[in-house]
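J.: Quick one: this structure, given as structure tokens, is what I'll be asking you about.
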Amino acid sequence: MSAIPLLAAPLVQRLRDNIGQRAAILRQKGCQPQLAIVDATGDAASATYAKMKLRQADKLGISASLYGIAPYSPDTRDSFLELLENLGHDPKVHGIFIERPMPEELELSDWLKLLPPHKDIEGIHPVNLGKLFLDSPTLPSVFVPTTALACLEMLKFYKVPLAGAHAVVVGRSITVGRPLAWMLLQANATVTICHSRTDGLAKHTREADILISATGCRNLISADHVKSSSVVIDVGTSYNEDGSVCGDVQYESVAAKAHMITPHIGGLGPVTTALLLHNAVRAAEMAFAGVSL
Ligand code: NAP
């Protein structure tokens with residue numbers, strides 16, 4: 001039997017309709033939502049993703065600009081930090097998105113402090129992450145990490161029960177794996193987190209009702225890592241030697257066994273992008289209403 005594909009398209013359409021309407025309302029009030037995308041990766045795939053975001057923002061009435069700092073060299077470090085600081089202070093810019101993976105010279109902790117939390121549409125600033133982890137209804141996060149949220153939204157859209165389910169998250173990065181595990185916990189799943197030092201990965205993943213892999217480790221998850229009733233979300237984006245897109249999950253063999261699965265193309269990525277644009281409009285709404293953090 002072949003797994004049910006968890007396709008982004010219907011969820012993304014719903015999100016885009018909402019974003020477009022809200023952007024139009026803001027424009028009618030004289031506020032043009034504005035997004036800045038900064039690409040210092042020097043990476044062809046990131047440049048493609050950045051252009052895709054520009055096109056989609058444009059279609060939804062969000063004005064987006066791309067600031068490319070590539071090829072990156074240690075000499076350009078200062079210009080990157082200066083650019084980020086300027087964008088942070090620019091009142092016309094409502095949301096800022098930094099393409100990743102960043103060059104090694106630019107530690108996350110170096111530049112995150114220059115990103116104002118109310119412009120952090122990816123939800124990775126310590127203020128936003130701190131509020132998420134505090135779990136307090138009186139201090140709700142302004143922006144929650146979009147990739148993690150995309151996984152939750154996908155599961156909700158396809159009516160996958162979370163409460164009581166055993167969710168296994170492979171990957172523990174600050175921006176994806178950890179917030180994702182926490183959000184699954186908040187949704188009352190029982191959560192196991194695996195990482196590169198986990199002994200016997202398959203032993204853990206085979207127990208998963210919901211398996212989410214976010215490692216960037218190409219084809220890590222095989223049919224041997226899943227049980228037949230599992231719902232599998234592949235966050236990883238990698239490339240085969242011939243340049244074709246792949247992920248953490250060996251799609252064909254896992255799809256032949258699992259219950260539900262995200263495809264490599266048209267799976268999680270478009271939901272994450274739509275949520276970023278949703279947050280860009282939210283950032284503009286907050287700025288227009290004078291809401292500060
Ligand atoms: P990251 O910071 O490099 O973290 C990777 C995590 O995977 C680490 O926790 C690492 O463990 C773990 N890992 C690596 N190899 C492993 C292995 N063999 N077995 C088990 N765990 C392993 O990456 P990230 O930023 O979280 O991104 C992960 C992937 O998601 C990347 O492919 C990225 O391109 C993709 N991504 C996709 C979207 C989307 O919307 N689709 C959005 C963001 C990111 P240690 O902690 O032990 O090193």
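Each chain in the structure tokens gets a letter, A, B and so on, in the order shown; residues start at 1 in every chain, and ligands are counted from 1 in the order they appear.
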Find the residues around segment 140-145 of chain A up to 12 Å (only C-alpha atoms counted), leave out those fewer than 2 positions away in its own chain, and share them as a count of residues only.
T.: 57
J.: Give me, as CSV, the closest atom pair and its distance (Å, one decimal) for every residue of chain A within a cut-off of 9 Å of ligand 1, counting only C-alpha atoms and all ligand atoms, rows sorted by chain and rising number.
T.:
residue,atom,partner,partner_atom_place_in_ligand_line,distance
A:Arg100,CA,ligand 1,25 (O),7.8
A:Pro101,CA,ligand 1,25 (O),7.3
A:Thr146,CA,ligand 1,40 (O),7.8
A:Thr147,CA,ligand 1,42 (C),5.1
A:Ala148,CA,ligand 1,42 (C),8.3
A:Ala150,CA,ligand 1,40 (O),7.5
A:Cys151,CA,ligand 1,40 (O),8.9
A:Val170,CA,ligand 1,21 (N),5.4
A:Gly171,CA,ligand 1,7 (O),3.6
A:Arg172,CA,ligand 1,9 (O),3.7
A:Ser173,CA,ligand 1,26 (O),4.5
A:Ile174,CA,ligand 1,26 (O),7.1
A:Thr175,CA,ligand 1,26 (O),6.0
A:Val176,CA,ligand 1,26 (O),4.7
A:Gly177,CA,ligand 1,26 (O),5.8
A:Arg178,CA,ligand 1,9 (O),8.4
A:Cys194,CA,ligand 1,20 (C),5.9
A:His195,CA,ligand 1,21 (N),3.5
A:Ser196,CA,ligand 1,21 (N),3.7
A:Arg197,CA,ligand 1,47 (O),5.4
A:Thr198,CA,ligand 1,20 (C),6.6
A:Leu201,CA,ligand 1,19 (N),7.0
A:Ser213,CA,ligand 1,29 (C),7.9
A:Ala214,CA,ligand 1,28 (C),4.3
A:Thr215,CA,ligand 1,7 (O),3.3
A:Gly216,CA,ligand 1,32 (O),3.0
A:Cys217,CA,ligand 1,15 (N),5.3
A:Arg218,CA,ligand 1,32 (O),8.0
A:Leu220,CA,ligand 1,18 (N),6.5
A:Ile221,CA,ligand 1,19 (N),9.0
A:Asp234,CA,ligand 1,41 (N),7.5
A:Val235,CA,ligand 1,41 (N),4.6
A:Gly236,CA,ligand 1,32 (O),3.5
A:Thr237,CA,ligand 1,32 (O),4.0
A:Ser238,CA,ligand 1,32 (O),5.7
A:Gly247,CA,ligand 1,32 (O),6.9
A:Asp248,CA,ligand 1,32 (O),7.3
A:His264,CA,ligand 1,41 (N),8.6
A:Gly267,CA,ligand 1,41 (N),7.7
A:Leu268,CA,ligand 1,41 (N),5.1
A:Gly269,CA,ligand 1,40 (O),3.9
A:Pro270,CA,ligand 1,40 (O),7.0
A:Val271,CA,ligand 1,40 (O),7.1
A:Thr272,CA,ligand 1,40 (O),4.7
A:Thr273,CA,ligand 1,40 (O),6.9
J.: Let me see the file: selected residues, C-alpha atoms, as a JSON list (two decimals), in the first residue's frame.
T.:
[["chain", "number", "residue", "atom", "x", "y", "z"],
["A", 100, "ARG", "CA", 20.50, 30.08, 5.59],
["A", 101, "PRO", "CA", 22.83, 28.18, 5.77],
["A", 146, "THR", "CA", 8.01, 28.91, 11.03],
["A", 147, "THR", "CA", 9.43, 25.54, 10.00],
["A", 148, "ALA", "CA", 8.26, 23.96, 13.24],
["A", 150, "ALA", "CA", 4.63, 24.41, 9.28],
["A", 151, "CYS", "CA", 4.93, 20.83, 10.59],
["A", 170, "VAL", "CA", 15.22, 13.69, 14.44],
["A", 171, "GLY", "CA", 17.39, 16.82, 14.72],
["A", 172, "ARG", "CA", 17.81, 19.19, 17.66],
["A", 173, "SER", "CA", 18.79, 22.51, 16.09],
["A", 174, "ILE", "CA", 17.78, 25.67, 17.92],
["A", 175, "THR", "CA", 15.77, 26.89, 14.93],
["A", 176, "VAL", "CA", 13.97, 23.68, 13.87],
["A", 177, "GLY", "CA", 14.28, 20.48, 15.94],
["A", 178, "ARG", "CA", 14.07, 21.89, 19.46],
["A", 194, "CYS", "CA", 17.08, 12.06, 18.32],
["A", 195, "HIS", "CA", 20.36, 13.55, 17.05],
["A", 196, "SER", "CA", 23.69, 12.62, 15.56],
["A", 197, "ARG", "CA", 24.84, 10.86, 18.74],
["A", 198, "THR", "CA", 21.64, 8.85, 19.18],
["A", 201, "LEU", "CA", 18.25, 5.62, 15.52],
["A", 213, "SER", "CA", 13.15, 14.31, 10.36],
["A", 214, "ALA", "CA", 15.04, 17.63, 10.26],
["A", 215, "THR", "CA", 18.72, 16.80, 9.82],
["A", 216, "GLY", "CA", 19.79, 17.73, 6.29],
["A", 217, "CYS", "CA", 21.32, 14.25, 6.21],
["A", 218, "ARG", "CA", 20.45, 12.91, 2.80],
["A", 220, "LEU", "CA", 18.84, 9.06, 6.40],
["A", 221, "ILE", "CA", 15.40, 7.54, 6.98],
["A", 234, "ASP", "CA", 10.51, 15.28, 5.88],
["A", 235, "VAL", "CA", 11.88, 18.71, 6.77],
["A", 236, "GLY", "CA", 15.31, 18.11, 5.26],
["A", 237, "THR", "CA", 16.26, 19.65, 1.96],
["A", 238, "SER", "CA", 19.28, 18.14, 0.25],
["A", 247, "GLY", "CA", 15.42, 15.04, 1.71],
["A", 248, "ASP", "CA", 16.17, 13.13, 4.88],
["A", 264, "HIS", "CA", 10.10, 16.32, -1.36],
["A", 267, "GLY", "CA", 5.55, 19.08, 0.85],
["A", 268, "LEU", "CA", 6.66, 21.13, 3.82],
["A", 269, "GLY", "CA", 8.66, 23.87, 2.02],
["A", 270, "PRO", "CA", 5.70, 25.79, 0.50],
["A", 271, "VAL", "CA", 3.91, 25.80, 3.87],
["A", 272, "THR", "CA", 6.98, 27.31, 5.56],
["A", 273, "THR", "CA", 7.22, 29.99, 2.87]]
J.: Just the number, please: distance in Å from atom CA of Ala24 of chain A to atom CA of Thr48 of chain A, one decimal.
T.: 26.6 Å
J.: What's the separation between atom CA of Ala64 of chain A and atom CA of Ile37 of chain A, in Å to one decimal place?
T.: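 Separating atom CA of Ala64 of chain A from atom CA of Ile37 of chain A is a distance of 7.2 Å.
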J.: Find the residue from A:Met260, A:Met154, A:Leu162, A:Gly200 that sits nearest to Val12 of chain A; use only C-alpha atoms when measuring.
T.: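 Checking each of A:Met260, A:Met154, A:Leu162, A:Gly200 against Val12 of chain A, counting only C-alpha atoms, the winner is A:Met154.
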J.: For the atom pair atom CA of Tyr239 of chain A and atom CA of Ser73 of chain A, what is the interatomic distance in Å to one decimal place?
T.: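 Distance reported for this atom pair: 24.3 Å.
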J.: Could you pull the residues within 8 Å of segment 25-36 of chain A, counting only C-alpha atoms, minus those fewer than 6 positions along the same chain, as a PyMOL selection string?
T.: chain A and resi 61-67+87+92-97+280-281+284-285+288
J.: Let's have the selection written as a compact mmCIF listing (two decimals), in the first residue's frame, with all heavy atoms.
T.:
# COMPACT_ATOMS: atom_id res chain seq x y z
N GLY A 61 0.79 41.07 -2.68
CA GLY A 61 0.73 42.49 -2.33
C GLY A 61 1.69 42.90 -1.24
O GLY A 61 1.52 43.94 -0.58
N ILE A 62 2.73 42.07 -1.02
CA ILE A 62 3.78 42.44 -0.06
C ILE A 62 4.97 42.92 -0.88
O ILE A 62 5.40 42.23 -1.82
CB ILE A 62 4.20 41.21 0.79
CG1 ILE A 62 3.02 40.69 1.58
CG2 ILE A 62 5.38 41.55 1.70
CD1 ILE A 62 3.25 39.33 2.23
N SER A 63 5.49 44.07 -0.51
CA SER A 63 6.65 44.57 -1.25
C SER A 63 7.91 43.95 -0.63
O SER A 63 8.18 44.14 0.56
CB SER A 63 6.64 46.09 -1.15
OG SER A 63 7.89 46.59 -1.38
N ALA A 64 8.65 43.17 -1.43
CA ALA A 64 9.83 42.47 -0.88
C ALA A 64 11.08 42.87 -1.65
O ALA A 64 11.04 43.00 -2.87
CB ALA A 64 9.62 40.96 -0.94
N SER A 65 12.18 43.06 -0.93
CA SER A 65 13.46 43.40 -1.56
C SER A 65 14.50 42.38 -1.14
O SER A 65 14.51 41.93 0.00
CB SER A 65 13.94 44.78 -1.11
OG SER A 65 12.93 45.72 -1.26
N LEU A 66 15.37 42.06 -2.09
CA LEU A 66 16.45 41.11 -1.81
C LEU A 66 17.76 41.86 -1.65
O LEU A 66 18.13 42.66 -2.52
CB LEU A 66 16.54 40.11 -2.96
CG LEU A 66 17.67 39.08 -2.88
CD1 LEU A 66 17.55 38.20 -1.65
CD2 LEU A 66 17.67 38.20 -4.15
N TYR A 67 18.45 41.61 -0.55
CA TYR A 67 19.77 42.20 -0.31
C TYR A 67 20.78 41.07 -0.37
O TYR A 67 20.87 40.26 0.56
CB TYR A 67 19.81 42.88 1.07
CG TYR A 67 18.80 44.00 1.19
CD1 TYR A 67 17.48 43.73 1.54
CD2 TYR A 67 19.17 45.32 0.95
CE1 TYR A 67 16.55 44.75 1.64
CE2 TYR A 67 18.24 46.34 1.05
CZ TYR A 67 16.93 46.05 1.40
OH TYR A 67 16.01 47.06 1.49
N LEU A 87 18.43 47.75 8.44
CA LEU A 87 17.09 47.23 8.17
C LEU A 87 16.28 47.17 9.47
O LEU A 87 15.08 47.44 9.49
CB LEU A 87 17.17 45.83 7.55
CG LEU A 87 17.74 45.75 6.13
CD1 LEU A 87 17.98 44.30 5.73
CD2 LEU A 87 16.81 46.43 5.13
N LYS A 92 10.20 51.59 7.56
CA LYS A 92 9.41 51.10 6.41
C LYS A 92 9.50 49.58 6.27
O LYS A 92 8.66 48.95 5.65
CB LYS A 92 9.92 51.76 5.12
CG LYS A 92 9.60 53.25 5.03
CD LYS A 92 9.76 53.79 3.62
CE LYS A 92 11.17 53.79 3.12
NZ LYS A 92 12.17 54.54 3.90
N VAL A 93 10.55 48.98 6.84
CA VAL A 93 10.72 47.53 6.75
C VAL A 93 10.03 46.87 7.94
O VAL A 93 10.36 47.14 9.09
CB VAL A 93 12.24 47.16 6.75
CG1 VAL A 93 12.43 45.65 6.83
CG2 VAL A 93 12.91 47.73 5.51
N HIS A 94 9.06 46.00 7.63
CA HIS A 94 8.29 45.37 8.71
C HIS A 94 8.85 44.01 9.10
O HIS A 94 8.79 43.63 10.27
CB HIS A 94 6.83 45.22 8.29
CG HIS A 94 6.18 46.51 7.95
ND1 HIS A 94 5.75 46.84 6.68
CD2 HIS A 94 5.94 47.60 8.71
CE1 HIS A 94 5.24 48.06 6.68
NE2 HIS A 94 5.35 48.54 7.91
N GLY A 95 9.33 43.25 8.12
CA GLY A 95 9.83 41.91 8.41
C GLY A 95 11.19 41.69 7.76
O GLY A 95 11.45 42.23 6.67
N ILE A 96 12.05 40.92 8.43
CA ILE A 96 13.37 40.61 7.88
C ILE A 96 13.55 39.10 7.90
O ILE A 96 13.26 38.44 8.91
CB ILE A 96 14.50 41.26 8.73
CG1 ILE A 96 14.31 42.78 8.80
CG2 ILE A 96 15.87 40.92 8.16
CD1 ILE A 96 15.27 43.48 9.77
N PHE A 97 14.01 38.58 6.77
CA PHE A 97 14.29 37.14 6.71
C PHE A 97 15.73 36.94 6.23
O PHE A 97 16.14 37.51 5.22
CB PHE A 97 13.32 36.42 5.75
CG PHE A 97 13.63 34.96 5.63
CD1 PHE A 97 13.31 34.08 6.66
CD2 PHE A 97 14.28 34.46 4.52
CE1 PHE A 97 13.62 32.74 6.58
CE2 PHE A 97 14.60 33.10 4.42
CZ PHE A 97 14.26 32.24 5.45
N ALA A 280 5.08 38.23 7.77
CA ALA A 280 5.47 39.56 7.27
C ALA A 280 4.26 40.50 7.34
O ALA A 280 4.38 41.67 7.73
CB ALA A 280 5.99 39.46 5.83
N VAL A 281 3.10 39.98 6.98
CA VAL A 281 1.88 40.81 7.06
C VAL A 281 1.53 41.09 8.53
O VAL A 281 1.15 42.21 8.88
CB VAL A 281 0.71 40.12 6.32
CG1 VAL A 281 -0.62 40.80 6.62
CG2 VAL A 281 0.97 40.16 4.83
N ALA A 284 3.64 43.83 9.79
CA ALA A 284 3.16 45.13 9.30
C ALA A 284 1.91 45.57 10.07
O ALA A 284 1.77 46.74 10.44
CB ALA A 284 2.86 45.04 7.80
N GLU A 285 1.03 44.62 10.34
CA GLU A 285 -0.19 44.94 11.12
C GLU A 285 0.20 45.47 12.50
O GLU A 285 -0.37 46.44 12.99
CB GLU A 285 -1.07 43.68 11.29
CG GLU A 285 -1.80 43.29 10.02
CD GLU A 285 -2.49 41.92 10.14
OE1 GLU A 285 -2.18 41.14 11.08
OE2 GLU A 285 -3.32 41.62 9.29
N PHE A 288 1.69 48.93 12.23
CA PHE A 288 0.64 49.90 11.93
C PHE A 288 -0.19 50.21 13.19
O PHE A 288 -0.58 51.35 13.43
CB PHE A 288 -0.26 49.36 10.82
CG PHE A 288 -1.29 50.35 10.36
CD1 PHE A 288 -0.91 51.49 9.65
CD2 PHE A 288 -2.63 50.16 10.65
CE1 PHE A 288 -1.86 52.42 9.23
CE2 PHE A 288 -3.58 51.08 10.23
CZ PHE A 288 -3.19 52.22 9.53
J.: As number ranges by chain, which residues of segment 24-115 of chain A does DSSP assign to alpha helix (DSSP H)?
T.: A: 24-28, 44-59, 77-89, 108-112
J.: Determine, counting only C-alpha atoms, which protein, DNA and RNA residues have an atom within 8 Å of an atom of Arg16 of chain A; residues of the same chain fewer than 2 positions away are not included. Present the result as a list of chain:residue names.
T.: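 Selected residues are A:Val12, A:Gln13, A:Arg14, A:Asn18, A:Ile19, A:Gly20, A:Leu60, A:Ala274, A:His278.
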J.: Keeping only C-alpha atoms, write the selected residues as a PDB file, in the first residue's frame.
T.:
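again_31.pdb was written with the following content:
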ATOM      1  CA  VAL A  12      -1.026  26.972   1.210  1.00  0.00           C
ATOM      2  CA  GLN A  13      -3.998  28.214  -0.820  1.00  0.00           C
ATOM      3  CA  ARG A  14      -5.936  28.855   2.375  1.00  0.00           C
ATOM      4  CA  ASN A  18      -5.767  35.081   4.157  1.00  0.00           C
ATOM      5  CA  ILE A  19      -2.423  36.845   3.570  1.00  0.00           C
ATOM      6  CA  GLY A  20      -3.650  38.548   0.390  1.00  0.00           C
ATOM      7  CA  LEU A  60       0.192  38.733  -2.401  1.00  0.00           C
ATOM      8  CA  ALA A 274       3.522  30.835   3.184  1.00  0.00           C
ATOM      9  CA  HIS A 278       1.884  35.476   6.772  1.00  0.00           C
TER      10      HIS A 278
END
